[in-house]
>>> print(open('entry27.csv').read())   # CSV, C-alpha atoms and all ligand atoms
chain,number,residue,atom,x,y,z
A,1495,MET,CA,78.9,110.1,84.1
A,1496,MET,CA,82.0,108.2,85.3
A,1497,LYS,CA,81.8,104.6,84.0
A,1498,LYS,CA,82.1,101.9,86.6
A,1499,ASP,CA,85.1,99.5,86.0
A,1500,LEU,CA,83.8,95.9,86.0
A,1501,ARG,CA,87.4,94.5,86.6
A,1502,SER,CA,87.4,96.3,90.0
A,1503,MET,CA,84.1,94.6,91.0
A,1504,ASN,CA,83.7,91.5,93.1
A,1505,LEU,CA,80.6,89.2,92.9
A,1506,HIS,CA,78.8,91.2,95.6
A,1507,ASP,CA,79.4,94.5,93.7
A,1508,MET,CA,78.1,92.9,90.6
A,1509,GLU,CA,75.0,91.6,92.4
A,1510,GLN,CA,74.3,95.1,93.5
A,1511,LEU,CA,74.8,96.4,90.0
A,1512,MET,CA,72.3,93.8,88.6
A,1513,GLN,CA,69.9,94.8,91.3
A,1514,SER,CA,70.1,98.5,90.3
A,1515,PHE,CA,69.6,97.4,86.6
A,1516,LYS,CA,66.6,95.3,87.7
A,1517,GLN,CA,68.2,92.2,86.4
A,1518,PRO,CA,68.0,88.7,88.1
A,1519,THR,CA,70.8,87.9,90.5
A,1520,PHE,CA,72.1,85.0,88.5
A,1521,ARG,CA,73.3,87.5,85.9
A,1522,ALA,CA,76.0,88.7,88.3
A,1523,LYS,CA,77.6,85.2,88.3
A,1524,GLN,CA,77.5,85.1,84.5
A,1525,LEU,CA,79.1,88.6,84.3
A,1526,PHE,CA,81.7,87.6,86.9
A,1527,ASP,CA,82.6,84.6,84.8
A,1528,TRP,CA,83.1,86.7,81.7
A,1529,ILE,CA,85.1,89.4,83.5
A,1530,HIS,CA,87.3,87.5,86.0
A,1531,ASN,CA,87.4,83.9,84.7
A,1532,LYS,CA,87.3,84.2,80.9
A,1533,ALA,CA,88.8,87.7,81.2
A,1534,VAL,CA,87.1,89.0,78.0
A,1535,THR,CA,87.4,92.7,77.2
A,1536,ASP,CA,84.7,93.0,74.5
A,1537,PHE,CA,81.1,93.2,75.8
A,1538,TYR,CA,79.9,91.6,72.5
A,1539,GLU,CA,81.7,88.4,73.4
A,1540,MET,CA,79.4,88.0,76.4
A,1541,THR,CA,76.9,85.9,74.5
A,1542,ASN,CA,74.6,84.8,77.4
A,1543,LEU,CA,73.6,88.2,79.0
A,1544,GLY,CA,70.8,89.3,76.7
A,1545,ASN,CA,70.8,92.5,74.5
A,1546,GLN,CA,69.0,94.7,77.1
A,1547,LEU,CA,71.7,94.1,79.7
A,1548,LEU,CA,74.5,94.4,77.3
A,1549,GLU,CA,73.3,97.8,76.1
A,1550,ARG,CA,73.3,99.1,79.7
A,1551,LEU,CA,76.7,97.6,80.4
A,1552,VAL,CA,78.1,99.3,77.3
A,1553,LYS,CA,76.6,102.6,78.3
A,1554,GLU,CA,77.3,102.7,82.0
A,1555,THR,CA,80.3,100.5,82.7
A,1556,GLU,CA,83.8,99.8,81.3
A,1557,ILE,CA,86.4,97.0,81.4
A,1558,SER,CA,89.8,98.4,82.4
A,1559,THR,CA,92.4,97.2,80.0
A,1560,LEU,CA,96.2,97.6,79.7
A,1561,GLN,CA,97.7,98.7,76.4
A,1562,PHE,CA,100.5,96.4,75.5
A,1563,ILE,CA,103.6,98.3,74.4
A,1564,LYS,CA,106.4,95.7,74.3
A,1565,LYS,CA,107.9,92.7,75.9
A,1566,GLN,CA,111.5,91.6,76.3
A,1567,VAL,CA,112.6,88.1,76.9
A,1568,SER,CA,115.6,87.3,79.0
A,1569,LYS,CA,118.2,84.5,78.3
A,1570,ASP,CA,116.6,82.6,81.2
A,1571,GLY,CA,113.0,82.9,79.8
A,1572,THR,CA,112.0,85.7,82.2
A,1573,THR,CA,109.7,88.1,80.3
A,1574,LYS,CA,109.2,91.7,81.1
A,1575,TYR,CA,106.0,93.4,79.8
A,1576,LEU,CA,105.5,97.2,79.4
A,1577,PHE,CA,102.0,98.5,79.4
A,1578,THR,CA,100.3,101.9,79.3
A,1579,LEU,CA,97.3,102.8,81.4
A,1580,LYS,CA,94.3,104.9,80.3
A,1581,ASP,CA,96.0,108.1,81.6
A,1582,ASN,CA,99.2,107.3,79.6
A,1583,ASN,CA,101.3,106.3,82.6
A,1584,TYR,CA,103.5,103.2,82.2
A,1585,ILE,CA,103.7,100.1,84.3
A,1586,GLU,CA,105.8,96.9,84.1
A,1587,CYS,CA,105.3,93.3,85.2
A,1588,VAL,CA,107.6,90.3,85.0
A,1589,LEU,CA,106.7,86.7,84.1
A,1590,MET,CA,109.0,84.0,85.5
A,1591,PRO,CA,108.0,80.8,83.8
A,1592,TYR,CA,108.3,77.5,85.7
A,1593,ARG,CA,110.6,75.1,83.9
A,1594,GLY,CA,109.1,71.8,85.3
A,1595,THR,CA,107.0,69.3,83.5
A,1596,LYS,CA,103.9,70.6,81.6
A,1597,SER,CA,101.5,69.1,84.1
A,1598,LYS,CA,103.2,70.9,87.0
A,1599,GLN,CA,103.7,74.2,85.0
A,1600,ARG,CA,103.2,77.1,87.3
A,1601,ASN,CA,104.0,80.6,86.0
A,1602,THR,CA,104.8,83.4,88.4
A,1603,LEU,CA,103.9,87.0,87.7
A,1604,CYS,CA,105.5,89.8,89.5
A,1605,VAL,CA,103.0,92.6,89.4
A,1606,SER,CA,103.0,96.4,90.1
A,1607,SER,CA,100.7,98.0,92.6
A,1608,GLN,CA,101.5,101.7,92.0
A,1609,VAL,CA,102.8,103.9,89.2
A,1610,GLY,CA,106.2,104.7,90.6
A,1611,CYS,CA,107.0,104.6,94.3
A,1612,ALA,CA,107.4,107.1,97.1
A,1613,MET,CA,109.6,105.0,99.3
A,1614,GLY,CA,113.0,105.9,97.6
A,1615,CYS,CA,114.9,102.7,98.5
A,1616,GLY,CA,118.5,103.4,97.4
A,1617,PHE,CA,119.0,100.2,95.4
A,1618,CYS,CA,115.7,100.4,93.4
A,1619,ALA,CA,115.1,101.9,90.0
A,1620,THR,CA,111.4,102.4,90.6
A,1621,GLY,CA,112.1,104.5,93.7
A,1622,GLN,CA,114.4,106.8,91.8
A,1623,GLY,CA,111.5,108.0,89.6
A,1624,GLY,CA,109.1,109.0,92.5
A,1625,PHE,CA,105.4,108.3,93.0
A,1626,LYS,CA,102.6,109.0,90.6
A,1627,ARG,CA,99.5,107.2,91.7
A,1628,ASN,CA,98.0,104.0,93.0
A,1629,LEU,CA,96.8,101.4,90.6
A,1630,THR,CA,93.1,100.5,90.7
A,1631,THR,CA,92.0,97.0,91.6
A,1632,GLY,CA,91.1,96.5,87.9
A,1633,GLU,CA,94.5,97.6,86.7
A,1634,ILE,CA,96.2,95.2,89.1
A,1635,VAL,CA,94.2,92.1,88.1
A,1636,SER,CA,94.5,93.2,84.4
A,1637,GLN,CA,98.2,92.5,84.5
A,1638,ILE,CA,97.5,88.8,85.2
A,1639,TYR,CA,94.6,88.6,82.7
A,1640,THR,CA,96.5,90.4,79.9
A,1641,VAL,CA,99.6,88.2,80.2
A,1642,ASN,CA,97.4,85.1,80.3
A,1643,ASN,CA,95.5,86.2,77.2
A,1644,ASN,CA,98.4,87.5,75.2
A,1645,ASP,CA,100.7,84.5,75.9
A,1646,GLN,CA,98.0,81.8,76.1
A,1647,LEU,CA,99.1,80.7,79.6
A,1648,ARG,CA,97.8,80.6,83.1
A,1649,VAL,CA,99.6,82.5,85.9
A,1650,GLY,CA,99.5,80.4,89.0
A,1651,ASN,CA,101.6,82.5,91.4
A,1652,VAL,CA,101.4,86.2,92.0
A,1653,VAL,CA,104.0,88.3,93.7
A,1654,PHE,CA,103.5,92.0,94.6
A,1655,MET,CA,107.1,92.9,94.0
A,1656,GLY,CA,106.9,95.0,90.9
A,1657,MET,CA,106.6,98.8,90.9
A,1658,GLY,CA,105.2,100.4,94.1
A,1659,GLU,CA,104.8,99.6,97.8
A,1660,PRO,CA,101.7,97.4,97.9
A,1661,LEU,CA,100.8,98.1,101.5
A,1662,LEU,CA,100.4,101.8,100.6
A,1663,ASN,CA,97.7,100.8,98.2
A,1664,PHE,CA,96.2,98.5,100.7
A,1665,ALA,CA,92.5,98.4,99.8
A,1666,ASN,CA,93.1,97.8,96.0
A,1667,VAL,CA,95.8,95.2,96.7
A,1668,ILE,CA,93.6,93.3,99.1
A,1669,ASN,CA,90.6,93.5,96.7
A,1670,SER,CA,92.7,92.2,93.9
A,1671,ILE,CA,94.0,89.3,96.0
A,1672,ARG,CA,90.4,88.3,96.9
A,1673,LEU,CA,89.4,88.5,93.3
A,1674,LEU,CA,92.3,86.4,92.1
A,1675,ASN,CA,91.5,83.9,94.8
A,1676,ASP,CA,87.8,83.6,94.0
A,1677,SER,CA,87.0,80.1,92.9
A,1678,HIS,CA,84.7,81.4,90.1
A,1679,GLY,CA,87.5,83.5,88.8
A,1680,GLN,CA,91.3,82.7,88.5
A,1681,ASN,CA,91.1,80.5,91.6
A,1682,ILE,CA,94.7,81.3,92.6
A,1683,SER,CA,95.4,79.9,96.1
A,1684,MET,CA,96.2,82.5,98.7
A,1685,ARG,CA,99.3,80.5,99.5
A,1686,ARG,CA,100.5,81.3,96.0
A,1687,ILE,CA,100.2,85.1,96.5
A,1688,THR,CA,103.1,87.1,98.0
A,1689,ILE,CA,103.0,90.7,99.3
A,1690,SER,CA,106.4,92.2,99.6
A,1691,THR,CA,106.8,95.4,101.7
A,1692,CYS,CA,109.6,97.7,102.7
A,1693,GLY,CA,108.2,97.7,106.2
A,1694,ILE,CA,105.1,99.8,106.6
A,1695,VAL,CA,104.5,98.8,110.2
A,1696,PRO,CA,100.8,99.9,110.8
A,1697,LYS,CA,99.8,98.2,107.5
A,1698,ILE,CA,101.6,94.9,108.5
A,1699,ILE,CA,99.4,95.0,111.6
A,1700,ASP,CA,96.3,95.6,109.4
A,1701,LEU,CA,97.3,92.7,107.2
A,1702,ALA,CA,97.9,90.4,110.2
A,1703,ASN,CA,94.4,91.2,111.4
A,1704,LEU,CA,92.9,90.1,108.1
A,1705,ASN,CA,94.6,86.7,108.6
A,1706,LEU,CA,94.9,85.8,105.0
A,1707,ASP,CA,96.8,82.7,104.0
A,1708,ILE,CA,99.2,84.7,101.8
A,1709,VAL,CA,103.0,85.0,102.1
A,1710,LEU,CA,104.4,88.2,103.6
A,1711,ALA,CA,107.9,89.2,102.5
A,1712,ILE,CA,109.8,92.0,104.1
A,1713,SER,CA,112.5,93.8,102.2
A,1714,LEU,CA,115.0,94.1,105.1
A,1715,HIS,CA,118.5,94.6,103.4
A,1716,ALA,CA,120.3,95.7,106.5
A,1717,PRO,CA,120.5,94.3,110.1
A,1718,ILE,CA,120.9,97.6,112.1
A,1719,ASP,CA,119.2,100.9,111.9
A,1720,LYS,CA,122.3,102.9,111.0
A,1721,LEU,CA,122.8,100.9,107.8
A,1722,ARG,CA,119.2,100.4,106.9
A,1723,SER,CA,118.3,104.1,107.1
A,1724,GLN,CA,121.1,104.8,104.6
A,1725,ILE,CA,119.5,102.7,101.9
A,1726,MET,CA,115.8,102.6,103.0
A,1727,PRO,CA,114.4,105.9,104.1
A,1728,VAL,CA,111.3,104.1,105.5
A,1729,ASN,CA,113.5,102.9,108.4
A,1730,LYS,CA,113.6,106.4,109.8
A,1731,GLN,CA,109.8,106.3,110.3
A,1732,TYR,CA,109.6,102.6,111.2
A,1733,PRO,CA,112.9,101.5,112.7
A,1734,LEU,CA,113.9,97.9,113.2
A,1735,ASN,CA,112.5,97.4,116.7
A,1736,LYS,CA,109.0,98.5,115.5
A,1737,LEU,CA,109.4,96.3,112.4
A,1738,LYS,CA,110.3,93.3,114.6
A,1739,GLU,CA,107.3,93.9,116.9
A,1740,ALA,CA,105.0,94.0,113.8
A,1741,CYS,CA,106.5,90.8,112.4
A,1742,LEU,CA,106.1,89.0,115.7
A,1743,TYR,CA,102.5,90.1,115.8
A,1744,TYR,CA,102.0,88.9,112.2
A,1745,VAL,CA,103.3,85.4,113.0
A,1746,GLU,CA,101.3,85.2,116.2
A,1747,LYS,CA,98.1,86.2,114.4
A,1748,THR,CA,98.5,84.2,111.2
A,1749,LYS,CA,100.8,81.3,112.3
A,1750,ARG,CA,102.6,81.9,109.1
A,1751,ARG,CA,106.3,82.2,108.4
A,1752,VAL,CA,107.6,85.6,107.3
A,1753,THR,CA,110.1,85.8,104.4
A,1754,PHE,CA,112.9,88.4,104.7
A,1755,GLU,CA,114.6,89.6,101.6
A,1756,TYR,CA,118.2,90.7,102.1
A,1757,ALA,CA,120.0,92.2,99.1
A,1758,LEU,CA,123.7,91.6,99.5
A,1759,VAL,CA,125.8,94.7,98.6
A,1760,ASP,CA,129.6,94.4,98.5
A,1761,ASN,CA,131.3,96.0,101.5
A,1762,PHE,CA,128.0,97.4,102.8
A,1763,ASN,CA,126.0,94.7,104.5
A,1764,ASP,CA,127.8,91.5,103.5
A,1765,ASN,CA,130.4,90.5,106.2
A,1766,LYS,CA,130.2,88.0,109.0
A,1767,LYS,CA,129.5,90.6,111.6
A,1768,HIS,CA,126.4,91.7,109.6
A,1769,ALA,CA,125.2,88.1,109.4
A,1770,GLY,CA,125.5,87.9,113.2
A,1771,GLN,CA,123.6,91.1,113.6
A,1772,LEU,CA,120.9,89.8,111.2
A,1773,ALA,CA,120.6,86.6,113.2
A,1774,LYS,CA,120.1,88.7,116.3
A,1775,PHE,CA,117.4,90.8,114.7
A,1776,LEU,CA,115.6,87.6,113.5
A,1777,GLU,CA,115.8,85.9,116.9
A,1778,GLY,CA,112.3,84.6,117.9
A,1779,ILE,CA,110.7,85.3,114.5
A,1780,PHE,CA,109.4,82.3,112.6
A,1781,CYS,CA,111.0,83.2,109.2
A,1782,HIS,CA,113.1,82.4,106.2
A,1783,VAL,CA,115.7,84.6,104.6
A,1784,ASN,CA,116.2,85.1,100.9
A,1785,LEU,CA,119.7,86.4,100.1
A,1786,ILE,CA,119.7,88.3,96.8
A,1787,PRO,CA,123.1,89.4,95.4
A,1788,VAL,CA,122.3,93.0,94.4
A,1789,ASN,CA,121.5,93.8,90.8
A,1790,PRO,CA,123.5,96.6,89.1
A,1791,ILE,CA,121.2,99.6,88.4
A,1792,GLY,CA,122.2,102.3,86.0
A,1793,GLN,CA,124.5,104.8,87.6
A,1794,LEU,CA,124.0,103.6,91.1
A,1795,SER,CA,127.3,102.3,92.5
A,1796,TYR,CA,126.1,99.1,94.3
A,1797,LYS,CA,128.2,96.1,93.6
A,1798,ARG,CA,127.4,92.5,94.3
A,1799,PRO,CA,129.8,90.5,96.6
A,1800,ASP,CA,131.8,87.6,95.2
A,1801,LYS,CA,130.6,84.1,95.6
A,1802,ALA,CA,132.8,83.3,98.5
A,1803,LYS,CA,131.4,86.2,100.5
A,1804,ILE,CA,127.9,85.2,99.7
A,1805,TYR,CA,128.4,81.6,100.9
A,1806,THR,CA,130.2,82.7,104.0
A,1807,PHE,CA,127.2,84.9,104.9
A,1808,LEU,CA,124.8,82.1,104.3
A,1809,LYS,CA,126.9,79.7,106.5
A,1810,GLU,CA,127.1,82.2,109.3
A,1811,LEU,CA,123.3,82.6,109.3
A,1812,SER,CA,123.0,78.8,109.4
A,1813,ASN,CA,125.5,78.7,112.3
A,1814,HIS,CA,123.0,80.9,114.2
A,1815,GLY,CA,120.1,78.6,113.3
A,1816,ILE,CA,118.6,80.9,110.7
A,1817,GLU,CA,117.0,79.2,107.7
A,1818,ALA,CA,118.2,81.0,104.5
A,1819,SER,CA,118.7,80.5,100.8
A,1820,ILE,CA,120.3,82.3,97.9
A,1821,ARG,CA,117.6,83.5,95.5
A,1822,GLU,CA,118.1,82.5,91.9
A,1823,GLU,CA,118.7,85.5,89.8
A,1824,LYS,CA,116.2,86.0,87.0
A,1825,GLY,CA,115.9,88.5,84.1
A,1826,ALA,CA,118.9,90.8,85.1
A,1827,ASP,CA,119.9,91.1,81.5
A,1828,ILE,CA,116.6,92.8,80.6
A,1829,ASP,CA,116.4,94.9,83.8
A,1830,ALA,CA,113.6,92.7,85.0
A,1831,ALA,CA,115.3,91.5,88.2
A,1832,CYS,CA,114.5,92.7,91.7
A,1833,GLY,CA,114.7,96.5,92.0
A,1834,GLN,CA,115.2,97.1,88.2
A,1835,LEU,CA,111.7,98.1,87.1
A,1836,ARG,CA,111.1,101.7,86.2
A,1837,GLY,CA,108.4,101.7,83.5
A,1838,LYS,CA,110.7,103.0,80.8
A,1839,VAL,CA,110.0,103.0,77.1
A,1840,VAL,CA,113.3,103.9,75.7
A,1841,GLU,CA,116.2,101.5,76.4
B,1,LIG,S1,112.0,98.5,96.6
B,1,LIG,FE1,109.8,98.6,96.5
B,1,LIG,S2,109.3,100.0,98.2
B,1,LIG,FE2,111.5,100.4,97.7
B,1,LIG,S3,111.4,102.1,96.2
B,1,LIG,FE3,111.5,100.1,95.1
B,1,LIG,S4,109.3,99.7,94.6
B,1,LIG,FE4,109.4,101.2,96.3
>>> encode(input="entry27.csv", output="structure tokens")
Amino acid sequence: MMKKDLRSMNLHDMEQLMQSFKQPTFRAKQLFDWIHNKAVTDFYEMTNLGNQLLERLVKETEISTLQFIKKQVSKDGTTKYLFTLKDNNYIECVLMPYRGTKSKQRNTLCVSSQVGCAMGCGFCATGQGGFKRNLTTGEIVSQIYTVNNNDQLRVGNVVFMGMGEPLLNFANVINSIRLLNDSHGQNISMRRITISTCGIVPKIIDLANLNLDIVLAISLHAPIDKLRSQIMPVNKQYPLNKLKEACLYYVEKTKRRVTFEYALVDNFNDNKKHAGQLAKFLEGIFCHVNLIPVNPIGQLSYKRPDKAKIYTFLKELSNHGIEASIREEKGADIDAACGQLRGKVVE
């Protein structure tokens, strides 16, 4: 018999489980607290459930865990974790600690949603390795719980920008967001959760219809189809006009601003003309642009522009009335920056 994973269950699922075990409903709340708030992984730490229930839980359920393999700490404090899953696949996640005062400490965890990725973006190490499988809801939330427990901290922001295209694992990503947001669990505000997509248009519409208070980030990286299709194969299926329609719909439905990620690549998408084309594409969309000087990845030949070019690009956007900023680079020295995750064990 396949054991049910408690970390993939919400309160309603647990209530149904308790019903099937002929247990009182309040047991579901107690179980939810152990699993999603205290994040314990050993049934015998659940001291208030009673022996009869514990025995059944041990026999018929499991708690998905990640096997910690190693962590690397960058000069800037960014920490990359490598985990194995039950089927021996590898995933990575990246912690970006907040450097403010202790009382305002807010750690951000960049989590993976898939093992590998099918989207093949040209600048991304994950995409070079191909797609293996979707992560379960339990495996997604386990990244947060494991980092919290291992490092005795509390992750307060979650960004789906690690390995994988989150909108292609829609149900599990949404379930995990709802679990993380649950006030009886981690209680992470929706506004502190970001989904970053390469532009899966029908799923952006589905997300808009859910009307969650999360942040939607779009990896744009080029302002015209001809360029974007060169580095992002997804653009052939969902070209910029379709992507723009979806973004406009998203803003109309949610009244929330969309973030556009734009990796600046030297002599590819970084001149004044490109900035003008980008401004034209963004016309009418309530948005903010993050400019990210591209990170070097292995043998790929992308180079970052020099500082002068980056600031000229930023100024040109501002001249067109587009709100933009240059994103602070974190963890590039340990391959933990944007586009550098690949779930590798050997350096
Ligand atoms: S950037 Fe994101 S969507 Fe593109 S290949 Fe990498 S992980 Fe996949």
>>> closest_residue(input="entry27.csv", among="A:Tyr1732, A:Phe1526, A:Phe1617, A:Phe1775", to="ligand LIG 1 (chain B)", atoms="only C-alpha atoms and all ligand atoms")
A:Phe1617
>>> atom_distance(input="entry27.csv", atom1="atom CA of A:Phe1515", atom2="atom CA of A:Leu1547")
7.9 Å
>>> closest_atom_pairs(input="entry27.csv", of="chain A", to="ligand LIG 1 (chain B)", cutoff="10 Å", atoms="all atoms listed in the file", output="tab-separated table")
residue	atom	partner	partner_atom	distance
A:Ser1606	CA	B:LIG1	S4	8.4
A:Ser1607	CA	B:LIG1	S4	9.0
A:Gln1608	CA	B:LIG1	S4	8.5
A:Val1609	CA	B:LIG1	S4	9.4
A:Gly1610	CA	B:LIG1	S4	7.1
A:Cys1611	CA	B:LIG1	FE4	4.6
A:Ala1612	CA	B:LIG1	FE4	6.3
A:Met1613	CA	B:LIG1	S3	4.6
A:Gly1614	CA	B:LIG1	S3	4.4
A:Cys1615	CA	B:LIG1	FE2	4.2
A:Gly1616	CA	B:LIG1	S3	7.3
A:Phe1617	CA	B:LIG1	S1	7.3
A:Cys1618	CA	B:LIG1	FE3	4.5
A:Ala1619	CA	B:LIG1	FE3	6.5
A:Thr1620	CA	B:LIG1	FE3	5.1
A:Gly1621	CA	B:LIG1	S3	3.5
A:Gln1622	CA	B:LIG1	S3	7.1
A:Gly1623	CA	B:LIG1	S3	8.9
A:Gly1624	CA	B:LIG1	S3	8.2
A:Phe1625	CA	B:LIG1	FE4	8.8
A:Phe1654	CA	B:LIG1	FE1	9.3
A:Met1655	CA	B:LIG1	FE1	6.8
A:Gly1656	CA	B:LIG1	S4	6.4
A:Met1657	CA	B:LIG1	S4	4.7
A:Gly1658	CA	B:LIG1	S4	4.2
A:Glu1659	CA	B:LIG1	S2	4.5
A:Pro1660	CA	B:LIG1	S2	8.0
A:Leu1661	CA	B:LIG1	S2	9.3
A:Leu1662	CA	B:LIG1	S2	9.4
A:Ser1690	CA	B:LIG1	FE1	7.9
A:Thr1691	CA	B:LIG1	S2	6.3
A:Cys1692	CA	B:LIG1	S2	5.1
A:Gly1693	CA	B:LIG1	S2	8.4
A:Ile1694	CA	B:LIG1	S2	9.4
A:Ile1712	CA	B:LIG1	S2	10.0
A:Ser1713	CA	B:LIG1	S1	7.3
A:Ile1725	CA	B:LIG1	FE2	9.3
A:Met1726	CA	B:LIG1	FE2	7.2
A:Pro1727	CA	B:LIG1	FE2	8.9
A:Val1728	CA	B:LIG1	S2	8.6
A:Cys1832	CA	B:LIG1	S1	8.0
A:Gly1833	CA	B:LIG1	S1	5.7
A:Gln1834	CA	B:LIG1	FE3	8.4
A:Leu1835	CA	B:LIG1	S4	8.0
A:Arg1836	CA	B:LIG1	S4	8.8
>>> write_last_selection(input="entry27.csv", atoms="C-alpha atoms", output="PDB file, keeping the file's coordinate frame")
ATOM      1  CA  SER A1606     103.000  96.400  90.100  1.00  0.00           C
ATOM      2  CA  SER A1607     100.700  98.000  92.600  1.00  0.00           C
ATOM      3  CA  GLN A1608     101.500 101.700  92.000  1.00  0.00           C
ATOM      4  CA  VAL A1609     102.800 103.900  89.200  1.00  0.00           C
ATOM      5  CA  GLY A1610     106.200 104.700  90.600  1.00  0.00           C
ATOM      6  CA  CYS A1611     107.000 104.600  94.300  1.00  0.00           C
ATOM      7  CA  ALA A1612     107.400 107.100  97.100  1.00  0.00           C
ATOM      8  CA  MET A1613     109.600 105.000  99.300  1.00  0.00           C
ATOM      9  CA  GLY A1614     113.000 105.900  97.600  1.00  0.00           C
ATOM     10  CA  CYS A1615     114.900 102.700  98.500  1.00  0.00           C
ATOM     11  CA  GLY A1616     118.500 103.400  97.400  1.00  0.00           C
ATOM     12  CA  PHE A1617     119.000 100.200  95.400  1.00  0.00           C
ATOM     13  CA  CYS A1618     115.700 100.400  93.400  1.00  0.00           C
ATOM     14  CA  ALA A1619     115.100 101.900  90.000  1.00  0.00           C
ATOM     15  CA  THR A1620     111.400 102.400  90.600  1.00  0.00           C
ATOM     16  CA  GLY A1621     112.100 104.500  93.700  1.00  0.00           C
ATOM     17  CA  GLN A1622     114.400 106.800  91.800  1.00  0.00           C
ATOM     18  CA  GLY A1623     111.500 108.000  89.600  1.00  0.00           C
ATOM     19  CA  GLY A1624     109.100 109.000  92.500  1.00  0.00           C
ATOM     20  CA  PHE A1625     105.400 108.300  93.000  1.00  0.00           C
ATOM     21  CA  PHE A1654     103.500  92.000  94.600  1.00  0.00           C
ATOM     22  CA  MET A1655     107.100  92.900  94.000  1.00  0.00           C
ATOM     23  CA  GLY A1656     106.900  95.000  90.900  1.00  0.00           C
ATOM     24  CA  MET A1657     106.600  98.800  90.900  1.00  0.00           C
ATOM     25  CA  GLY A1658     105.200 100.400  94.100  1.00  0.00           C
ATOM     26  CA  GLU A1659     104.800  99.600  97.800  1.00  0.00           C
ATOM     27  CA  PRO A1660     101.700  97.400  97.900  1.00  0.00           C
ATOM     28  CA  LEU A1661     100.800  98.100 101.500  1.00  0.00           C
ATOM     29  CA  LEU A1662     100.400 101.800 100.600  1.00  0.00           C
ATOM     30  CA  SER A1690     106.400  92.200  99.600  1.00  0.00           C
ATOM     31  CA  THR A1691     106.800  95.400 101.700  1.00  0.00           C
ATOM     32  CA  CYS A1692     109.600  97.700 102.700  1.00  0.00           C
ATOM     33  CA  GLY A1693     108.200  97.700 106.200  1.00  0.00           C
ATOM     34  CA  ILE A1694     105.100  99.800 106.600  1.00  0.00           C
ATOM     35  CA  ILE A1712     109.800  92.000 104.100  1.00  0.00           C
ATOM     36  CA  SER A1713     112.500  93.800 102.200  1.00  0.00           C
ATOM     37  CA  ILE A1725     119.500 102.700 101.900  1.00  0.00           C
ATOM     38  CA  MET A1726     115.800 102.600 103.000  1.00  0.00           C
ATOM     39  CA  PRO A1727     114.400 105.900 104.100  1.00  0.00           C
ATOM     40  CA  VAL A1728     111.300 104.100 105.500  1.00  0.00           C
ATOM     41  CA  CYS A1832     114.500  92.700  91.700  1.00  0.00           C
ATOM     42  CA  GLY A1833     114.700  96.500  92.000  1.00  0.00           C
ATOM     43  CA  GLN A1834     115.200  97.100  88.200  1.00  0.00           C
ATOM     44  CA  LEU A1835     111.700  98.100  87.100  1.00  0.00           C
ATOM     45  CA  ARG A1836     111.100 101.700  86.200  1.00  0.00           C
TER      46      ARG A1836
END
>>> closest_residue(input="entry27.csv", among="A:Leu1742, A:Leu1548, A:Val1695, A:Leu1701", to="A:Asn1729", atoms="only C-alpha atoms")
A:Val1695
>>> atom_distance(input="entry27.csv", atom1="atom CA of A:Leu1674", atom2="atom CA of A:Leu1647")
15.3 Å
>>> residues_around(input="entry27.csv", residues="A:Cys1741", least_positions_apart="3", cutoff="8 Å", atoms="only C-alpha atoms", output="JSON, numbers by chain")
{"A": [1698, 1737, 1738, 1744, 1745, 1752, 1779]}
>>> closest_residue(input="entry27.csv", among="A:Leu1811, A:Leu1579, A:Ala1818, A:Ile1708", to="A:Phe1754", atoms="only C-alpha atoms")
A:Ala1818
>>> residues_around(input="entry27.csv", residues="A:Asn1675", least_positions_apart="4", cutoff="10 Å", atoms="all atoms listed in the file", output="list in words")
Asn1669, Ser1670, Ile1671, Gly1679, Gln1680, Asn1681, Ile1682, Ser1683, Met1684, Arg1685, Arg1686 and Ile1687 of chain A
>>> atom_distance(input="entry27.csv", atom1="atom CA of A:Lys1736", atom2="atom CA of A:Asn1628")
25.6 Å
>>> closest_residue(input="entry27.csv", among="A:Ser1558, A:Ser1677, A:Thr1688, A:Thr1572", to="A:Gln1637", atoms="only C-alpha atoms")
A:Ser1558
>>> closest_residue(input="entry27.csv", among="A:Leu1721, A:Ile1699, A:Met1496, A:Val1567", to="A:Asp1829", atoms="all atoms listed in the file")
A:Val1567
>>> decode(input="entry27.csv", residues="stretch 1779-1785 of chain A", atoms="N, CA and C atoms", output="CSV table (one decimal), in the first residue's frame")
chain,number,residue,atom,x,y,z
A,1779,ILE,N,1.1,48.2,-19.0
A,1779,ILE,CA,1.1,47.2,-17.9
A,1779,ILE,C,1.6,47.8,-16.6
A,1780,PHE,N,0.9,47.6,-15.5
A,1780,PHE,CA,1.3,48.0,-14.2
A,1780,PHE,C,2.4,47.1,-13.8
A,1781,CYS,N,3.7,47.7,-13.8
A,1781,CYS,CA,4.8,46.7,-13.6
A,1781,CYS,C,6.0,47.4,-13.0
A,1782,HIS,N,7.0,46.5,-12.6
A,1782,HIS,CA,8.3,47.0,-12.2
A,1782,HIS,C,9.3,46.1,-13.0
A,1783,VAL,N,10.4,46.6,-13.3
A,1783,VAL,CA,11.5,45.8,-14.0
A,1783,VAL,C,12.7,45.6,-13.2
A,1784,ASN,N,13.1,44.4,-13.0
A,1784,ASN,CA,14.4,44.1,-12.3
A,1784,ASN,C,15.4,43.8,-13.4
A,1785,LEU,N,16.4,44.6,-13.5
A,1785,LEU,CA,17.5,44.4,-14.4
A,1785,LEU,C,18.6,43.5,-13.7
